[in-house]
Structures are given as structure tokens and as C-alpha cells.
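Shown next, in C-alpha cells, is the structure this report addresses.
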Amino acid sequence: MKRIVFFIFLSILSTKTYAQLQYLVEAGASYTTMTISDSEYKIGARVAFGVDMPLGDYLTFQPMLEVSLKGHTEEVRAAVYDTLENIESNPIYVEIPLKISFSLPMETELDWRFNAGPYFAYGIAGDYTREHYDIYGNKTTNTEKLFGSDGRFSQYEIGLAAGTKFIFAPFYITIDAEWGLMNLNKNDQNRSLKSVAYTAGIGFIF
């Protein structure tokens with residue numbers, strides 16, 4: 001999968017429409033969690049580089065290459081023994097969103113766009129930490145790798161991305177969301193962990 005998505009990205013850069021391409025650089029903060037009942041949001045971040053390739057008067061194709069910090073936290077309390085467990089994941093991904101962008105016609109210098117498409121992600125680093133408190137308040141901490149043969153999470157992820165951009169060339173504001181479609185939890189398929197991320201940031205188009 002890595003080879004396929006990188007081949008797609010590089011092929012786009014070598015098309016005959018190269019002279020019409022615009023380049024995008026953006027960065028921002030994210031608000032991320034997992035699709036499980038006890039999961040809480042945590043602050044993440046992302047940086048990205050991509051291209052904007054015209055497909056018509058109002059449509060463009062926007063493949064991006066980005067690094068994103070996601071994750072979640074949980075607080076699980078056992079009702080019988082009144083013990084507490086804090087869980088935190090901190091995955092770092094290389095992602096390739098492949099979005100179609102629609103430009104809303106406006107009579108001002110503002111270019112308002114709506115973007116949607118799939119994304120492919122590959123986990124490159126991160127850990128999974130469990131802090132357990134017994135009935136006396138004593139804490140034990142266990143940290144595991146998220147990725148790799150002995151990691152807790154699947155290294156590959158596929159999902160859907162959508163968002164909007166407000167472009168005041170050469171700058172723009174971007175608001176995006178991502179919803180993972182795969183259960184990342186390798187150790188327990190009955191405990192589904194799919195990533196969710198909402199991001200806001202600023203960018204530069206040239």
C-alpha cells in the first residue's frame with residue numbers, strides 16, 4: 001500500500017499539467033479521539049504539503065503528503081474494586097489524503113472551497129500508556145509500542161476526509177475532519193478503535 005499511494009502522488013507531479021499546478025503548505029492543531037465510549041479528546045497537530053491540480057472551472061484535485069499527531073485518552077474505573085486506569089495513545093502517522101476540491105463561485109477575492117476524499121495513513125511512531133491505580137492509590141505504569149510486529153495498533157489506516165478552505169491568496173484558513181474506517185486495535189477486535197480528528201490551521205498557496 002505504501003508503494004501504491006506514493007506512486008500516485010509522484011505520478012501527479014509529473015503530469016503534463018505541471019505548469020498549472022499550485023502548491024499548498026499548511027500546518028495546524030487537531031482535536032482527536034477514538035470511537036469508543038470512554039474515549040476523550042486530546043490535542044494533536046499536523047503539517048502538510050500538497051498540490052492543487054485543475055480538473056475544470058470549479059474542480060481541482062488536491063493530493064497531500066502530511067505528518068499528523070493523533071491519539072486519545074480514556075479513564076476507566078472498575079465499579080467492584082474502585083480501581084482507576086488512565087489510558088493514552090500518541091500515534092504519529094504519515095498520511096496521503098486524496099481530495100477533490102470544489103470552488104464556490106463568489107464575487108469577491110475570497111475563494112471558498114469544499115474538499116472531500118479518502119486518505120491513506122501509515123503509522124511511524126507512538127506509544128500506548130496505561131496508568132493503573134489500585135484501591136490504595138498506588139500507581140503502576142505500563143508503556144507499549146503502538147506499531148510494529150509487537151505493537152498494539154495496525155500500522156495501516158484508511159479513512160475519509162472532508163473540510164473547507166477560505167483562501168485569501170496567497171494565504172488561507174483550513175478546517176478539516178477525518179474519520180477512520182478501520183479498527184486499529186490488533187489485540188482485541190471486539191474493542192473497536194477507529195480514529196477521529198478535527199483540525200484547523202493556516203496555509204500558503206503559491
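By order in the C-alpha cells, chains are A, B, ...; within a chain, residues start at 1; ligands start at 1, following the order shown.
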From a backbone DSSP assignment, name each residue in region 40-190 of chain A labelled strand (DSSP E or B), as a ChimeraX atom specification. /A:40,42-54,59-69,72-78,83-89,92-104,111-125,127-133,139-145,153,156-168,171-180,185
Can you pull out every residue within 8 Å of Glu178 (chain A), counting only C-alpha atoms, but drop anything in the same chain fewer than 6 positions away, and send it as an mmCIF file with C-alpha atoms, in the first residue's frame?
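Done, and the output landed in selection.cif:
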data_model
loop_
_atom_site.group_PDB
_atom_site.id
_atom_site.type_symbol
_atom_site.label_atom_id
_atom_site.label_comp_id
_atom_site.auth_asym_id
_atom_site.auth_seq_id
_atom_site.Cartn_x
_atom_site.Cartn_y
_atom_site.Cartn_z
ATOM 1 C CA GLY A 159 -10.397 6.692 6.145
ATOM 2 C CA LEU A 160 -12.458 9.563 4.800
ATOM 3 C CA ALA A 161 -11.515 13.234 4.943
ATOM 4 C CA ALA A 162 -13.572 16.366 4.338
ATOM 5 C CA SER A 195 -9.576 7.374 14.804
ATOM 6 C CA VAL A 196 -11.442 10.672 14.604
ATOM 7 C CA ALA A 197 -9.705 14.018 14.071
ATOM 8 C CA TYR A 198 -10.860 17.610 13.659
#
Nearby residues (only C-alpha atoms) at most 12 Å from Arg152 (chain A), same-chain spacing under 5 positions excluded, as a ChimeraX atom specification: /A:89-91,123,125-129,143-147,183-189,193
Near-region 52-57 of chain A list (7 Å; only C-alpha atoms; drop same-chain fewer than 6 positions) as a VMD selection string: chain A and resid 20 to 23
Once you have the residues from the selection above, write them out as a PDB file, in the first residue's frame, restricted to N, CA and C atoms.
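The new file again35.pdb reads:
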ATOM      1  N   GLN A  20       0.286  24.213 -14.533  1.00  0.00           N
ATOM      2  CA  GLN A  20      -0.932  24.753 -13.955  1.00  0.00           C
ATOM      3  C   GLN A  20      -1.049  24.455 -12.470  1.00  0.00           C
ATOM      4  N   LEU A  21      -0.175  23.662 -11.958  1.00  0.00           N
ATOM      5  CA  LEU A  21      -0.258  23.282 -10.554  1.00  0.00           C
ATOM      6  C   LEU A  21       0.030  24.465  -9.644  1.00  0.00           C
ATOM      7  N   GLN A  22      -0.676  24.479  -8.516  1.00  0.00           N
ATOM      8  CA  GLN A  22      -0.332  25.360  -7.415  1.00  0.00           C
ATOM      9  C   GLN A  22       0.080  24.477  -6.246  1.00  0.00           C
ATOM     10  N   TYR A  23       0.907  25.028  -5.383  1.00  0.00           N
ATOM     11  CA  TYR A  23       1.430  24.254  -4.262  1.00  0.00           C
ATOM     12  C   TYR A  23       0.826  24.753  -2.953  1.00  0.00           C
TER      13      TYR A  23
END
For Thr73 (chain A), which residue among A:Val51, A:Ile36, A:Ala200, A:Ile92 is the nearest when counting only C-alpha atoms?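 Of the candidates, the smallest distance to Thr73 (chain A) is held by A:Ile36.
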Find the spatial neighbours of region 31-33 of chain A, counting only C-alpha atoms, within a cut-off of 7 Å - ignore same-chain residues fewer than 6 positions away - and output them as a PyMOL selection string. chain A and resi 39-44+70-72+195-199
Could you state the separation of CA of Glu157 (chain A) and CA of Ala29 (chain A) in Å, given to one decimal place?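 Calculated distance between CA of Glu157 (chain A) and CA of Ala29 (chain A) is 20.4 Å.
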Quick one: pull the distance between CA of Asn115 (chain A) and CA of Phe204 (chain A), Å, one decimal.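 Going from CA of Asn115 (chain A) over to CA of Phe204 (chain A) covers 16.5 Å.
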Would you work out the distance separating CA of Thr174 (chain A) from CA of Ala116 (chain A), expressed in Å to one decimal?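 Here the two named atoms are 12.7 Å from each other.
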Hey, what's within 7 Å of Tyr172 (chain A) if we count only C-alpha atoms and toss same-chain stuff fewer than 6 positions away? As a PyMOL selection string, please? chain A and resi 165-166+202-204
Write the selection just made, keeping N, CA and C atoms, as a JSON list (two decimals), in the first residue's frame?
[["chain", "number", "residue", "atom", "x", "y", "z"],
["A", 165, "LYS", "N", -11.88, 25.31, 2.85],
["A", 165, "LYS", "CA", -10.77, 26.27, 2.84],
["A", 165, "LYS", "C", -11.31, 27.65, 2.48],
["A", 166, "PHE", "N", -10.84, 28.66, 3.20],
["A", 166, "PHE", "CA", -11.14, 30.05, 2.89],
["A", 166, "PHE", "C", -9.82, 30.69, 2.43],
["A", 202, "ILE", "N", -3.63, 27.12, 9.22],
["A", 202, "ILE", "CA", -3.39, 28.16, 8.23],
["A", 202, "ILE", "C", -2.47, 27.58, 7.15],
["A", 203, "GLY", "N", -2.56, 28.15, 5.95],
["A", 203, "GLY", "CA", -1.76, 27.65, 4.86],
["A", 203, "GLY", "C", -1.30, 28.76, 3.93],
["A", 204, "PHE", "N", -0.47, 28.34, 2.98],
["A", 204, "PHE", "CA", 0.10, 29.24, 1.99],
["A", 204, "PHE", "C", -0.01, 28.55, 0.64]]
Can you list, as a ChimeraX atom specification, every protein, DNA or RNA residue that comes within 7 Å of Lys99 (chain A) when you count only C-alpha atoms, leaving out same-chain residues fewer than 3 positions away? /A:61-63,115-118
Next, dump the selected residues to file, keeping only C-alpha atoms, as a PDB file, in the first residue's frame.
ATOM      1  CA  PHE A  61      -7.555  17.553  -7.324  1.00  0.00           C
ATOM      2  CA  GLN A  62      -5.608  18.039  -4.077  1.00  0.00           C
ATOM      3  CA  PRO A  63      -3.240  15.201  -3.105  1.00  0.00           C
ATOM      4  CA  ASN A 115     -12.897  19.289  -0.123  1.00  0.00           C
ATOM      5  CA  ALA A 116     -13.570  15.570   0.302  1.00  0.00           C
ATOM      6  CA  GLY A 117     -11.920  12.243  -0.436  1.00  0.00           C
ATOM      7  CA  PRO A 118     -10.174   9.207   1.030  1.00  0.00           C
TER       8      PRO A 118
END
A:Thr35, A:Ser101, A:Asn86, A:Asn190 ranked by distance to Arg113 (chain A), top pick (using only C-alpha atoms):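 Between A:Thr35, A:Ser101, A:Asn86, A:Asn190, the residue approaching Arg113 (chain A) most closely is A:Ser101.
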In terms of the shortest atom-to-atom distance over only C-alpha atoms, which of A:Phe102, A:Tyr122, A:Tyr133, A:Phe171 is closest to Leu69 (chain A)?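 Selected residue with least distance to Leu69 (chain A): A:Tyr122.
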